[in-house]
file entry-v6.txt (compact mmCIF, C-alpha atoms)
# COMPACT_ATOMS: atom_id res chain seq x y z
CA MET A 1 -12.89 -15.87 4.93
CA THR A 2 -12.12 -15.53 1.22
CA ASN A 3 -15.08 -13.20 0.86
CA SER A 4 -13.96 -10.94 3.65
CA LEU A 5 -10.42 -11.00 2.28
CA LEU A 6 -11.74 -9.78 -1.06
CA ALA A 7 -13.75 -7.11 0.77
CA ALA A 8 -10.61 -6.00 2.62
CA PHE A 9 -8.71 -5.83 -0.69
CA VAL A 10 -11.40 -3.64 -2.24
CA VAL A 11 -11.68 -1.40 0.83
CA ILE A 12 -7.90 -0.81 0.97
CA LEU A 13 -7.80 -0.13 -2.77
CA ARG A 14 -10.62 2.38 -2.47
CA ARG A 15 -9.09 3.94 0.63
CA ASP A 16 -5.76 4.54 -1.11
CA LEU A 17 -7.41 5.93 -4.24
CA THR A 18 -9.51 8.29 -2.10
CA LEU A 19 -6.42 9.41 -0.20
CA ALA A 20 -4.56 10.03 -3.47
CA LEU A 21 -7.46 12.04 -4.89
CA ARG A 22 -7.66 14.16 -1.74
CA THR A 23 -3.92 14.92 -1.69
CA ARG A 24 -3.66 15.59 -5.41
CA SER A 25 0.07 16.34 -5.42
CA GLU A 26 0.66 12.59 -5.21
CA ILE A 27 -0.82 12.18 -8.68
CA ALA A 28 0.34 15.47 -10.16
CA ASN A 29 4.01 15.53 -9.12
CA PRO A 30 5.32 12.42 -10.91
CA LEU A 31 3.23 13.19 -13.96
CA LEU A 32 4.50 16.74 -14.13
CA PHE A 33 8.06 15.50 -13.74
CA PHE A 34 7.52 13.04 -16.61
CA VAL A 35 6.18 15.74 -18.92
CA ILE A 36 8.81 18.33 -18.03
CA VAL A 37 11.80 16.02 -18.46
CA ILE A 38 10.62 14.82 -21.84
CA SER A 39 9.65 18.23 -23.17
CA LEU A 40 13.04 19.66 -22.20
CA PHE A 41 14.94 17.21 -24.39
CA PRO A 42 14.10 18.78 -27.78
CA LEU A 43 15.17 22.14 -26.37
CA ALA A 44 18.40 20.92 -24.81
CA VAL A 45 19.66 18.34 -27.28
CA SER A 46 18.40 19.17 -30.73
CA PRO A 47 15.05 19.75 -32.38
CA GLU A 48 16.29 17.63 -35.32
CA PRO A 49 13.59 14.95 -35.92
CA LYS A 50 16.13 12.25 -36.72
CA VAL A 51 18.06 12.79 -33.48
CA LEU A 52 14.88 12.91 -31.37
CA GLN A 53 13.61 9.77 -33.00
CA THR A 54 16.63 7.76 -31.89
CA LEU A 55 16.54 9.27 -28.40
CA ALA A 56 12.79 8.93 -27.86
CA PRO A 57 12.48 5.33 -26.52
CA GLY A 58 15.26 5.78 -24.01
CA VAL A 59 14.19 9.24 -22.90
CA ILE A 60 10.57 8.26 -22.36
CA TRP A 61 11.50 5.17 -20.38
CA VAL A 62 14.15 6.85 -18.24
CA ALA A 63 11.66 9.63 -17.43
CA ALA A 64 8.94 7.08 -16.59
CA LEU A 65 11.33 5.18 -14.35
CA LEU A 66 12.47 8.27 -12.46
CA ALA A 67 8.92 9.58 -12.15
CA THR A 68 7.89 6.27 -10.57
CA MET A 69 10.86 6.36 -8.21
CA LEU A 70 9.83 9.83 -7.07
CA SER A 71 6.40 8.59 -6.14
CA LEU A 72 7.41 5.31 -4.48
CA ASP A 73 7.78 6.71 -0.97
CA SER A 74 4.09 7.60 -0.87
CA ILE A 75 3.08 3.93 -0.89
CA PHE A 76 3.86 3.41 2.80
CA ARG A 77 5.32 6.64 4.24
CA SER A 78 2.23 8.35 5.62
CA ASP A 79 0.70 5.08 6.81
CA PHE A 80 3.93 4.31 8.63
CA GLU A 81 3.98 7.68 10.33
CA ASP A 82 0.42 7.74 11.61
CA GLY A 83 0.21 4.10 12.67
CA ALA A 84 -2.19 2.92 9.95
CA LEU A 85 0.44 0.46 8.78
CA GLU A 86 0.47 -1.21 12.22
CA GLN A 87 -3.27 -1.67 11.95
CA MET A 88 -2.80 -3.28 8.54
CA LEU A 89 -0.19 -5.70 9.87
CA LEU A 90 -2.43 -6.54 12.84
CA SER A 91 -5.30 -7.43 10.57
CA PRO A 92 -6.00 -11.17 10.52
CA HIS A 93 -6.11 -10.93 6.73
CA SER A 94 -3.02 -11.84 4.74
CA THR A 95 -0.65 -8.87 4.68
CA SER A 96 0.50 -9.74 1.15
CA ILE A 97 -3.00 -9.31 -0.23
CA LEU A 98 -3.42 -5.96 1.52
CA VAL A 99 -0.01 -4.92 0.20
CA LEU A 100 -1.10 -5.92 -3.30
CA ALA A 101 -4.13 -3.63 -2.97
CA LYS A 102 -1.89 -0.73 -1.97
CA VAL A 103 0.51 -1.37 -4.86
CA LEU A 104 -2.37 -1.62 -7.31
CA ALA A 105 -3.66 1.74 -6.05
CA HIS A 106 -0.18 3.21 -6.48
CA TRP A 107 0.03 1.94 -10.05
CA LEU A 108 -3.45 3.24 -10.91
CA VAL A 109 -2.49 6.65 -9.57
CA THR A 110 1.03 6.95 -10.99
CA GLY A 111 1.48 4.34 -13.73
CA VAL A 112 -1.78 4.65 -15.64
CA PRO A 113 -1.58 8.44 -16.14
CA LEU A 114 1.94 7.96 -17.55
CA ILE A 115 0.65 5.39 -20.02
CA LEU A 116 -2.23 7.61 -21.08
CA LEU A 117 0.01 10.60 -21.62
CA SER A 118 2.87 8.79 -23.32
CA PRO A 119 1.56 8.85 -26.95
CA LEU A 120 1.43 12.63 -26.80
CA LEU A 121 5.02 12.77 -25.59
CA GLY A 122 5.96 10.22 -28.24
CA VAL A 123 4.65 12.61 -30.88
CA LEU A 124 6.62 15.42 -29.27
CA LEU A 125 9.80 13.37 -29.67
CA ASN A 126 8.88 12.43 -33.21
CA LEU A 127 8.49 8.75 -32.39
CA PRO A 128 7.40 6.87 -35.58
CA THR A 129 3.76 5.80 -35.62
CA GLU A 130 4.72 2.13 -35.91
CA ALA A 131 6.44 2.38 -32.52
CA MET A 132 3.37 3.77 -30.70
CA PRO A 133 1.75 0.40 -29.93
CA ALA A 134 5.12 -0.82 -28.65
CA LEU A 135 5.42 2.25 -26.43
CA LEU A 136 1.99 1.61 -24.92
CA ALA A 137 2.57 -2.12 -24.55
CA THR A 138 5.95 -1.77 -22.83
CA LEU A 139 4.62 0.86 -20.44
CA ALA A 140 1.55 -1.25 -19.68
CA LEU A 141 3.75 -4.27 -18.89
CA GLY A 142 6.64 -2.38 -17.34
CA THR A 143 5.14 0.22 -14.99
CA PRO A 144 3.37 -2.37 -12.78
CA VAL A 145 6.76 -4.08 -12.36
CA LEU A 146 8.23 -0.75 -11.26
CA SER A 147 5.49 -0.30 -8.62
CA LEU A 148 5.71 -3.90 -7.39
CA VAL A 149 9.50 -4.00 -7.11
CA GLY A 150 9.62 -0.47 -5.71
CA ALA A 151 7.21 -1.48 -2.94
CA ILE A 152 9.79 -3.95 -1.60
CA GLY A 153 12.39 -1.20 -1.45
CA VAL A 154 10.05 1.26 0.27
CA ALA A 155 8.97 -1.38 2.76
CA LEU A 156 12.59 -1.99 3.67
CA THR A 157 13.53 1.69 4.02
CA VAL A 158 10.33 3.19 5.46
CA GLY A 159 11.61 2.90 9.02
CA LEU A 160 14.83 4.79 8.28
CA ARG A 161 15.00 8.51 8.69
CA ARG A 162 16.85 9.15 5.44
CA GLY A 163 15.96 6.18 3.34
CA GLY A 164 15.77 8.07 0.04
CA VAL A 165 19.27 7.36 -1.27
CA LEU A 166 19.23 3.81 -0.02
CA LEU A 167 15.90 3.28 -1.76
CA SER A 168 17.34 4.31 -5.14
CA LEU A 169 20.39 2.11 -4.61
CA LEU A 170 18.20 -0.86 -3.74
CA VAL A 171 15.61 -0.45 -6.43
CA LEU A 172 17.44 0.94 -9.47
CA PRO A 173 19.49 -2.20 -10.26
CA LEU A 174 16.25 -4.18 -10.28
CA TYR A 175 14.71 -1.68 -12.70
CA ILE A 176 17.51 -2.01 -15.26
CA PRO A 177 16.19 -5.16 -17.03
CA VAL A 178 12.81 -3.50 -17.51
CA LEU A 179 14.48 -0.39 -18.89
CA ILE A 180 16.67 -2.32 -21.33
CA PHE A 181 13.98 -4.57 -22.75
CA ALA A 182 11.34 -1.85 -22.93
CA SER A 183 13.40 0.81 -24.69
CA ASN A 184 14.90 -1.80 -26.99
CA ALA A 185 11.40 -3.01 -27.91
CA ILE A 186 10.28 0.50 -28.84
CA ALA A 187 13.38 1.16 -30.94
CA THR A 188 13.04 -2.20 -32.67
CA ALA A 189 9.36 -1.57 -33.42
CA GLY A 190 10.30 1.83 -34.86
CA ALA A 191 12.60 0.03 -37.30
CA GLY A 192 9.64 -2.14 -38.33
CA LEU A 193 10.91 -5.36 -36.75
CA GLU A 194 9.30 -8.04 -34.61
CA ILE A 195 9.27 -7.29 -30.86
CA ARG A 196 7.43 -10.31 -29.48
CA GLY A 197 10.53 -11.56 -27.67
CA GLN A 198 11.00 -8.39 -25.65
CA LEU A 199 7.31 -8.21 -24.79
CA TYR A 200 7.31 -11.82 -23.59
CA PHE A 201 10.29 -11.05 -21.42
CA LEU A 202 8.55 -8.02 -19.90
CA ALA A 203 5.42 -10.11 -19.32
CA ALA A 204 7.54 -12.74 -17.59
CA LEU A 205 9.05 -10.06 -15.34
CA LEU A 206 5.55 -8.85 -14.52
CA ALA A 207 4.37 -12.35 -13.65
CA LEU A 208 7.41 -12.86 -11.46
CA ALA A 209 7.01 -9.52 -9.67
CA LEU A 210 3.27 -10.02 -9.22
CA THR A 211 3.70 -13.39 -7.53
CA LEU A 212 6.79 -12.74 -5.42
CA SER A 213 6.83 -9.05 -4.54
CA PRO A 214 3.75 -8.99 -2.23
CA PHE A 215 5.34 -11.64 0.00
CA ALA A 216 8.70 -9.88 0.07
CA THR A 217 7.02 -6.54 0.76
CA ALA A 218 4.94 -7.95 3.62
CA ALA A 219 8.02 -9.51 5.20
CA ALA A 220 9.98 -6.28 4.78
CA LEU A 221 7.20 -4.28 6.44
CA ARG A 222 7.23 -6.60 9.43
CA ILE A 223 10.96 -6.04 9.80
CA SER A 224 10.62 -2.27 9.41
CA LEU A 225 8.02 -2.01 12.16
CA ARG A 226 10.02 -3.93 14.70
CA MET B 227 -0.43 -22.12 41.17
CA LYS B 228 -0.33 -22.91 37.48
CA PRO B 229 0.77 -26.23 36.04
CA ALA B 230 4.35 -26.21 34.88
CA ASN B 231 3.83 -26.86 31.19
CA ALA B 232 0.25 -26.40 30.09
CA PRO B 233 -0.58 -22.75 29.41
CA ALA B 234 -3.95 -21.45 30.56
CA ARG B 235 -6.88 -22.87 28.62
CA GLU B 236 -8.45 -19.49 28.13
CA GLY B 237 -6.96 -16.05 27.85
CA LEU B 238 -3.48 -14.67 27.54
CA GLU B 239 -0.42 -16.09 29.19
CA VAL B 240 3.05 -14.65 29.10
CA ARG B 241 6.09 -16.63 30.15
CA ASN B 242 9.68 -15.63 30.72
CA LEU B 243 9.42 -12.58 28.53
CA SER B 244 12.63 -10.58 28.19
CA CYS B 245 13.42 -7.62 26.06
CA SER B 246 16.34 -5.27 25.77
CA ARG B 247 16.82 -2.23 23.64
CA GLU B 248 20.20 -0.84 22.68
CA ASP B 249 22.06 -2.72 25.42
CA ARG B 250 19.55 -1.72 28.06
CA GLN B 251 17.48 -4.47 29.66
CA LEU B 252 13.89 -3.23 29.66
CA PHE B 253 12.44 -6.23 31.45
CA SER B 254 13.38 -9.84 31.97
CA ASP B 255 11.61 -13.03 33.03
CA LEU B 256 8.25 -11.40 32.97
CA ASP B 257 5.39 -13.79 33.78
CA PHE B 258 1.74 -12.94 33.92
CA SER B 259 -1.60 -14.18 32.72
CA LEU B 260 -4.91 -12.64 31.91
CA LYS B 261 -8.22 -14.46 32.14
CA PRO B 262 -11.58 -13.48 30.68
CA GLY B 263 -13.19 -10.76 32.75
CA MET B 264 -9.87 -9.26 33.79
CA ALA B 265 -8.05 -6.06 33.03
CA LEU B 266 -4.31 -5.75 33.33
CA GLN B 267 -2.72 -2.44 34.03
CA ILE B 268 0.93 -2.10 33.09
CA GLU B 269 2.71 0.35 35.32
CA GLY B 270 6.15 1.83 35.29
CA PRO B 271 7.94 5.13 34.83
CA ASN B 272 8.54 6.67 31.40
CA GLY B 273 11.01 4.66 29.38
CA SER B 274 10.48 1.48 31.35
CA GLY B 275 9.27 -0.38 28.27
CA LYS B 276 5.48 -0.24 28.59
CA THR B 277 4.87 0.50 24.93
CA THR B 278 7.49 -2.05 23.89
CA LEU B 279 5.74 -4.69 25.99
CA LEU B 280 2.41 -3.91 24.34
CA ARG B 281 3.98 -4.11 20.88
CA ILE B 282 5.46 -7.48 21.80
CA LEU B 283 2.10 -8.66 23.10
CA CYS B 284 0.41 -7.96 19.80
CA GLY B 285 3.28 -9.40 17.79
CA LEU B 286 4.52 -6.22 16.12
CA ARG B 287 7.86 -6.73 17.81
CA LEU B 288 9.68 -9.88 18.80
CA ALA B 289 10.77 -10.51 22.36
CA ASP B 290 14.37 -11.52 22.96
CA GLU B 291 13.17 -14.49 24.94
CA GLY B 292 9.95 -15.98 26.21
CA SER B 293 6.61 -16.91 24.73
CA ILE B 294 3.08 -15.64 24.62
CA TYR B 295 0.13 -18.01 24.57
CA TRP B 296 -3.41 -17.21 23.57
CA ASN B 297 -6.00 -19.82 24.57
CA SER B 298 -3.06 -22.16 25.22
CA LEU B 299 -1.65 -21.78 21.68
CA ASP B 300 1.66 -20.11 20.91
CA THR B 301 0.85 -16.78 19.29
CA LEU B 302 3.82 -16.91 16.92
CA GLU B 303 2.64 -20.18 15.46
CA HIS B 304 -1.05 -19.30 15.37
CA ARG B 305 -0.66 -15.72 14.34
CA SER B 306 -3.77 -15.11 12.29
CA GLU B 307 -6.11 -16.79 14.81
CA TYR B 308 -4.60 -14.60 17.51
CA LEU B 309 -4.80 -11.42 15.44
CA ALA B 310 -8.47 -12.09 14.72
CA GLU B 311 -9.16 -11.78 18.44
CA LEU B 312 -7.17 -8.73 19.40
CA ALA B 313 -7.44 -5.02 18.87
CA TYR B 314 -4.50 -2.70 19.42
CA ILE B 315 -4.57 1.04 19.72
CA GLY B 316 -1.08 2.40 19.91
CA HIS B 317 0.35 5.78 20.53
CA ASN B 318 0.06 6.44 16.78
CA HIS B 319 -3.49 5.31 16.42
CA GLY B 320 -3.71 5.18 12.64
CA VAL B 321 -6.66 7.51 12.07
CA LYS B 322 -6.13 9.02 8.61
CA GLY B 323 -6.48 12.80 8.60
CA GLU B 324 -7.72 12.95 5.01
CA LEU B 325 -10.53 10.51 5.64
CA THR B 326 -13.68 11.26 7.62
CA PRO B 327 -14.30 9.36 10.88
CA LEU B 328 -16.93 7.31 9.06
CA GLU B 329 -14.50 6.30 6.29
CA ASN B 330 -11.83 5.50 8.88
CA LEU B 331 -14.19 3.14 10.64
CA ARG B 332 -15.25 1.45 7.39
CA VAL B 333 -11.62 0.65 6.67
CA ALA B 334 -11.19 -0.63 10.23
CA ARG B 335 -14.22 -2.87 9.87
CA ALA B 336 -12.86 -4.43 6.69
CA LEU B 337 -9.45 -4.98 8.27
CA GLY B 338 -10.71 -6.22 11.61
CA GLY B 339 -11.47 -9.71 12.71
CA GLY B 340 -14.64 -9.40 14.78
CA GLN B 341 -18.14 -9.80 13.49
CA GLY B 342 -21.44 -8.17 14.32
CA GLY B 343 -20.36 -5.08 16.19
CA LEU B 344 -22.09 -1.74 16.31
CA GLY B 345 -22.73 0.21 13.14
CA GLU B 346 -20.26 2.99 12.32
CA ASP B 347 -22.72 5.79 13.22
CA GLU B 348 -23.68 4.16 16.47
CA ALA B 349 -20.04 3.61 17.45
CA LEU B 350 -19.20 7.25 16.77
CA GLU B 351 -22.15 8.35 18.86
CA LYS B 352 -20.96 6.13 21.72
CA VAL B 353 -17.57 7.83 21.82
CA GLY B 354 -19.16 11.26 21.70
CA LEU B 355 -18.57 12.17 18.07
CA PHE B 356 -22.17 12.57 16.96
CA GLY B 357 -22.28 15.21 14.24
CA PHE B 358 -18.61 14.78 13.26
CA GLU B 359 -19.12 11.76 10.99
CA ASP B 360 -18.43 13.52 7.73
CA VAL B 361 -15.76 16.10 8.44
CA PRO B 362 -12.14 15.30 7.51
CA SER B 363 -10.46 13.82 10.59
CA ARG B 364 -7.54 16.23 10.33
CA THR B 365 -9.87 19.08 11.34
CA LEU B 366 -10.72 17.25 14.59
CA SER B 367 -8.80 17.82 17.79
CA ALA B 368 -6.23 15.30 19.04
CA GLY B 369 -8.70 13.99 21.61
CA GLN B 370 -11.44 13.59 19.04
CA ARG B 371 -9.11 11.68 16.73
CA ARG B 372 -8.24 9.34 19.57
CA ARG B 373 -11.97 8.83 20.12
CA VAL B 374 -12.30 7.78 16.48
CA ALA B 375 -9.56 5.22 17.12
CA LEU B 376 -11.35 3.96 20.23
CA ALA B 377 -14.59 3.63 18.27
CA ARG B 378 -12.82 0.87 16.33
CA LEU B 379 -13.13 -1.27 19.47
CA LEU B 380 -16.89 -1.11 19.18
CA ILE B 381 -17.33 -2.01 15.54
CA ASN B 382 -15.10 -5.09 15.64
CA PRO B 383 -15.92 -6.88 18.89
CA VAL B 384 -12.84 -8.88 19.88
CA PRO B 385 -12.05 -10.34 23.30
CA LEU B 386 -8.61 -8.81 23.82
CA TRP B 387 -8.03 -5.07 23.85
CA ILE B 388 -4.46 -3.80 23.98
CA LEU B 389 -4.47 -0.08 24.64
CA ASP B 390 -1.49 2.23 24.91
CA GLU B 391 -2.40 5.29 26.99
CA PRO B 392 -6.04 5.32 25.85
CA PHE B 393 -6.87 8.45 27.83
CA THR B 394 -4.22 10.72 26.30
CA ALA B 395 -5.63 14.02 25.08
CA ILE B 396 -9.17 13.09 26.08
CA ASP B 397 -11.19 15.45 28.29
CA ILE B 398 -12.60 14.53 31.72
CA GLN B 399 -16.05 13.65 30.45
CA GLY B 400 -14.57 11.60 27.62
CA GLN B 401 -12.27 9.79 30.04
CA SER B 402 -15.22 8.55 32.04
CA GLN B 403 -16.97 7.48 28.81
CA ILE B 404 -13.91 5.53 27.69
CA GLU B 405 -13.46 4.11 31.15
CA ALA B 406 -17.06 2.94 31.13
CA MET B 407 -16.40 1.31 27.76
CA ILE B 408 -13.41 -0.60 29.13
CA THR B 409 -15.19 -1.58 32.37
CA HIS B 410 -18.20 -2.81 30.43
CA HIS B 411 -15.99 -4.83 28.12
CA VAL B 412 -14.17 -6.46 31.04
CA LEU B 413 -17.31 -7.20 33.07
CA ASP B 414 -18.79 -8.69 29.91
CA GLY B 415 -16.04 -11.32 29.86
CA GLY B 416 -13.55 -9.45 27.74
CA MET B 417 -9.90 -8.75 28.47
CA ALA B 418 -7.96 -5.53 28.38
CA VAL B 419 -4.28 -4.74 28.72
CA LEU B 420 -3.53 -1.08 29.13
CA THR B 421 -0.83 1.33 30.08
CA SER B 422 -2.27 4.30 31.81
CA HIS B 423 -1.81 6.39 34.90
CA HIS B 424 -5.55 6.76 35.11
CA PRO B 425 -7.04 4.49 37.82
CA LEU B 426 -9.75 2.16 36.55
CA ASP B 427 -13.00 1.75 38.44
CA LEU B 428 -12.83 -2.04 38.74
CA SER B 429 -12.80 -4.21 41.84
CA ALA B 430 -9.64 -6.11 42.71
CA ASP B 431 -10.90 -9.42 41.33
CA HIS B 432 -11.24 -7.84 37.88
CA LEU B 433 -8.02 -5.92 37.91
CA SER B 434 -4.40 -6.94 38.12
CA SER B 435 -1.23 -5.05 37.44
CA VAL B 436 2.33 -5.57 36.34
CA ASN B 437 5.01 -3.16 37.39
CA LEU B 438 7.94 -2.90 35.01
CA ALA B 439 10.08 -0.84 37.35
CA SER B 440 10.67 -3.72 39.74

call {"tool": "encode", "arguments": {"input": "entry-v6.txt", "output": "structure tokens"}}
result
Amino acid sequence: MTNSLLAAFVVILRRDLTLALRTRSEIANPLLFFVIVISLFPLAVSPEPKVLQTLAPGVIWVAALLATMLSLDSIFRSDFEDGALEQMLLSPHSTSILVLAKVLAHWLVTGVPLILLSPLLGVLLNLPTEAMPALLATLALGTPVLSLVGAIGVALTVGLRRGGVLLSLLVLPLYIPVLIFASNAIATAGAGLEIRGQLYFLAALLALALTLSPFATAAALRISLR
Amino acid sequence: MKPANAPAREGLEVRNLSCSREDRQLFSDLDFSLKPGMALQIEGPNGSGKTTLLRILCGLRLADEGSIYWNSLDTLEHRSEYLAELAYIGHNHGVKGELTPLENLRVARALGGGQGGLGEDEALEKVGLFGFEDVPSRTLSAGQRRRVALARLLINPVPLWILDEPFTAIDIQGQSQIEAMITHHVLDGGMAVLTSHHPLDLSADHLSSVNLAS
């Protein structure tokens, strides 16, 4: 049983990655949004390096958060509409594990490209070099939390016709701690100070989300399909 | 006929099932059972709750009242054992348009409970999709996509098939193929619950029906 559960996890992960690659807009849209928002800031606010430097941590994280929110719906929407989600819930395998595979696929498709691109955007906003590792570390710890927590919200709203606004209302408050600790860590690192505390906190949030969110998401999906 | 408290040793048994939707009683006190080697046809006009009943049977929806037993165990308490033995093909059959029929079936095999069914290619050939293995499913017709969904029944052999209008959008020749598939499954000791207006070619001792209109 454990072997076939692992096989199911891998198959769902591969299925979702294949689907994302075949409908490329799913990958491109959030990434494009991320790049556009950040590159507009120097034009709109001020090209002054000092100003940009103070804005950079917050701007990058707000853009990453909104880009993730834009892409959340794709985790379950199409599967809900064509009945594939029913088949997943009717599988004898644990729904939470299958959900975890879908969330991991979502993070690989939306979170990882953001992380890879972020140093470039950091340079654009004149982020000090000392803050770069902090930027990468907070995104690496924080974006999986966004996907995991977002999945609960999508699972709850996928059955509603206009769940978009409700989704933001449900999910945004839960994103705030990540936003605060992550942008604070980057700013602190830029000032040359220790950021271990913030990183530990983000890691704790990740551990919490990783262990609890799949169960909550699976339960929410069952309610949505009723 | 049946003992008052012990549910049937083998097969599906439904007791006192009631369900209402938006203040409208769809059905109440529904009792029926299904033994190996039997097919159950659910009849009733549109909107009488056929699909809802099927969704309740496979546990996607909860009934207002009543219980469902599988091999004498309550299906709510023994959910994963029950799910390992049933296959459901609903109105939305869950065939992904961006994946090829072959990829769709591979996913179904990994998700499903049965072991040792037909290979993916063989199953597709059985439902008349030879030569369509590697085209994106969205380019197939509605009937062909439904055939891909029905091919899932062949790769994960499970005793209980729950089929919602399995013949929709399928041509005459395909209908007899699918019918043969269901008949074979039932005569082989399997069970099938289906909603369909299409008469099945099974003798009375292999076929029962429930009418939701009454």

call {"tool": "closest_atom_pairs", "arguments": {"input": "entry-v6.txt", "of": "chain B", "to": "chain A", "cutoff": "7 Å", "atoms": "all atoms listed in the file", "output": "JSON lines"}}
result
{"residue": "B:Leu286", "atom": "CA", "partner": "A:Arg226", "partner_atom": "CA", "distance": 6.1}
{"residue": "B:Arg287", "atom": "CA", "partner": "A:Arg226", "partner_atom": "CA", "distance": 4.7}
{"residue": "B:Ser306", "atom": "CA", "partner": "A:Pro92", "partner_atom": "CA", "distance": 4.9}
{"residue": "B:Leu309", "atom": "CA", "partner": "A:Pro92", "partner_atom": "CA", "distance": 5.1}
{"residue": "B:Ala310", "atom": "CA", "partner": "A:Pro92", "partner_atom": "CA", "distance": 5.0}
{"residue": "B:Asn318", "atom": "CA", "partner": "A:Gly83", "partner_atom": "CA", "distance": 4.7}
{"residue": "B:His319", "atom": "CA", "partner": "A:Gly83", "partner_atom": "CA", "distance": 5.4}
{"residue": "B:Gly320", "atom": "CA", "partner": "A:Ala84", "partner_atom": "CA", "distance": 3.8}
{"residue": "B:Val321", "atom": "CA", "partner": "A:Ala84", "partner_atom": "CA", "distance": 6.7}
{"residue": "B:Glu324", "atom": "CA", "partner": "A:Leu19", "partner_atom": "CA", "distance": 6.4}
{"residue": "B:Val333", "atom": "CA", "partner": "A:Val11", "partner_atom": "CA", "distance": 6.2}
{"residue": "B:Ala336", "atom": "CA", "partner": "A:Ala8", "partner_atom": "CA", "distance": 4.9}
{"residue": "B:Leu337", "atom": "CA", "partner": "A:Ser91", "partner_atom": "CA", "distance": 5.3}
{"residue": "B:Gly338", "atom": "CA", "partner": "A:Ser91", "partner_atom": "CA", "distance": 5.6}
{"residue": "B:Gly339", "atom": "CA", "partner": "A:Pro92", "partner_atom": "CA", "distance": 6.1}

call {"tool": "residues_around", "arguments": {"input": "entry-v6.txt", "residues": "Leu104 in chain A", "least_positions_apart": "2", "cutoff": "12 Å", "atoms": "all atoms listed in the file", "output": "PyMOL selection string"}}
result
chain A and resi 9-10+12-17+75+97-102+106-112+143-148+151+210+214

call {"tool": "write_last_selection", "arguments": {"input": "entry-v6.txt", "atoms": "C-alpha atoms", "output": "PDB file, in the frame of the given file"}}
result
ATOM      1  CA  PHE A   9      -8.710  -5.830  -0.690  1.00  0.00           C
ATOM      2  CA  VAL A  10     -11.400  -3.640  -2.240  1.00  0.00           C
ATOM      3  CA  ILE A  12      -7.900  -0.810   0.970  1.00  0.00           C
ATOM      4  CA  LEU A  13      -7.800  -0.130  -2.770  1.00  0.00           C
ATOM      5  CA  ARG A  14     -10.620   2.380  -2.470  1.00  0.00           C
ATOM      6  CA  ARG A  15      -9.090   3.940   0.630  1.00  0.00           C
ATOM      7  CA  ASP A  16      -5.760   4.540  -1.110  1.00  0.00           C
ATOM      8  CA  LEU A  17      -7.410   5.930  -4.240  1.00  0.00           C
ATOM      9  CA  ILE A  75       3.080   3.930  -0.890  1.00  0.00           C
ATOM     10  CA  ILE A  97      -3.000  -9.310  -0.230  1.00  0.00           C
ATOM     11  CA  LEU A  98      -3.420  -5.960   1.520  1.00  0.00           C
ATOM     12  CA  VAL A  99      -0.010  -4.920   0.200  1.00  0.00           C
ATOM     13  CA  LEU A 100      -1.100  -5.920  -3.300  1.00  0.00           C
ATOM     14  CA  ALA A 101      -4.130  -3.630  -2.970  1.00  0.00           C
ATOM     15  CA  LYS A 102      -1.890  -0.730  -1.970  1.00  0.00           C
ATOM     16  CA  HIS A 106      -0.180   3.210  -6.480  1.00  0.00           C
ATOM     17  CA  TRP A 107       0.030   1.940 -10.050  1.00  0.00           C
ATOM     18  CA  LEU A 108      -3.450   3.240 -10.910  1.00  0.00           C
ATOM     19  CA  VAL A 109      -2.490   6.650  -9.570  1.00  0.00           C
ATOM     20  CA  THR A 110       1.030   6.950 -10.990  1.00  0.00           C
ATOM     21  CA  GLY A 111       1.480   4.340 -13.730  1.00  0.00           C
ATOM     22  CA  VAL A 112      -1.780   4.650 -15.640  1.00  0.00           C
ATOM     23  CA  THR A 143       5.140   0.220 -14.990  1.00  0.00           C
ATOM     24  CA  PRO A 144       3.370  -2.370 -12.780  1.00  0.00           C
ATOM     25  CA  VAL A 145       6.760  -4.080 -12.360  1.00  0.00           C
ATOM     26  CA  LEU A 146       8.230  -0.750 -11.260  1.00  0.00           C
ATOM     27  CA  SER A 147       5.490  -0.300  -8.620  1.00  0.00           C
ATOM     28  CA  LEU A 148       5.710  -3.900  -7.390  1.00  0.00           C
ATOM     29  CA  ALA A 151       7.210  -1.480  -2.940  1.00  0.00           C
ATOM     30  CA  LEU A 210       3.270 -10.020  -9.220  1.00  0.00           C
ATOM     31  CA  PRO A 214       3.750  -8.990  -2.230  1.00  0.00           C
TER      32      PRO A 214
END

call {"tool": "atom_distance", "arguments": {"input": "entry-v6.txt", "atom1": "CA of Gly153 in chain A", "atom2": "CA of Ala218 in chain A"}}
result
11.3 Å

call {"tool": "closest_residue", "arguments": {"input": "entry-v6.txt", "among": "A:Arg196, A:Arg161, A:Arg77, A:Arg24", "to": "Thr138 in chain A", "atoms": "all atoms listed in the file"}}
result
A:Arg196

call {"tool": "residues_around", "arguments": {"input": "entry-v6.txt", "residues": "Leu31 in chain A", "least_positions_apart": "5", "cutoff": "8 Å", "atoms": "only C-alpha atoms", "output": "PyMOL selection string"}}
result
chain A and resi 67+110+113-114

call {"tool": "atom_distance", "arguments": {"input": "entry-v6.txt", "atom1": "CA of Leu389 in chain B", "atom2": "CA of Gln251 in chain B"}}
result
22.9 Å

call {"tool": "residues_around", "arguments": {"input": "entry-v6.txt", "residues": "range 365-377 of chain B", "least_positions_apart": "5", "cutoff": "10 Å", "atoms": "only C-alpha atoms", "output": "VMD selection string"}}
result
chain B and resid 313 to 324 326 to 328 330 to 331 334 344 346 to 355 358 to 359 382 389 392 to 397 400 to 401 404 407

call {"tool": "residues_around", "arguments": {"input": "entry-v6.txt", "residues": "Ser213 in chain A", "least_positions_apart": "2", "cutoff": "7 Å", "atoms": "all atoms listed in the file", "output": "list in words"}}
result
Leu148, Val149, Ile152, Ala209, Leu210, Thr211, Phe215, Ala216 and Thr217 of chain A
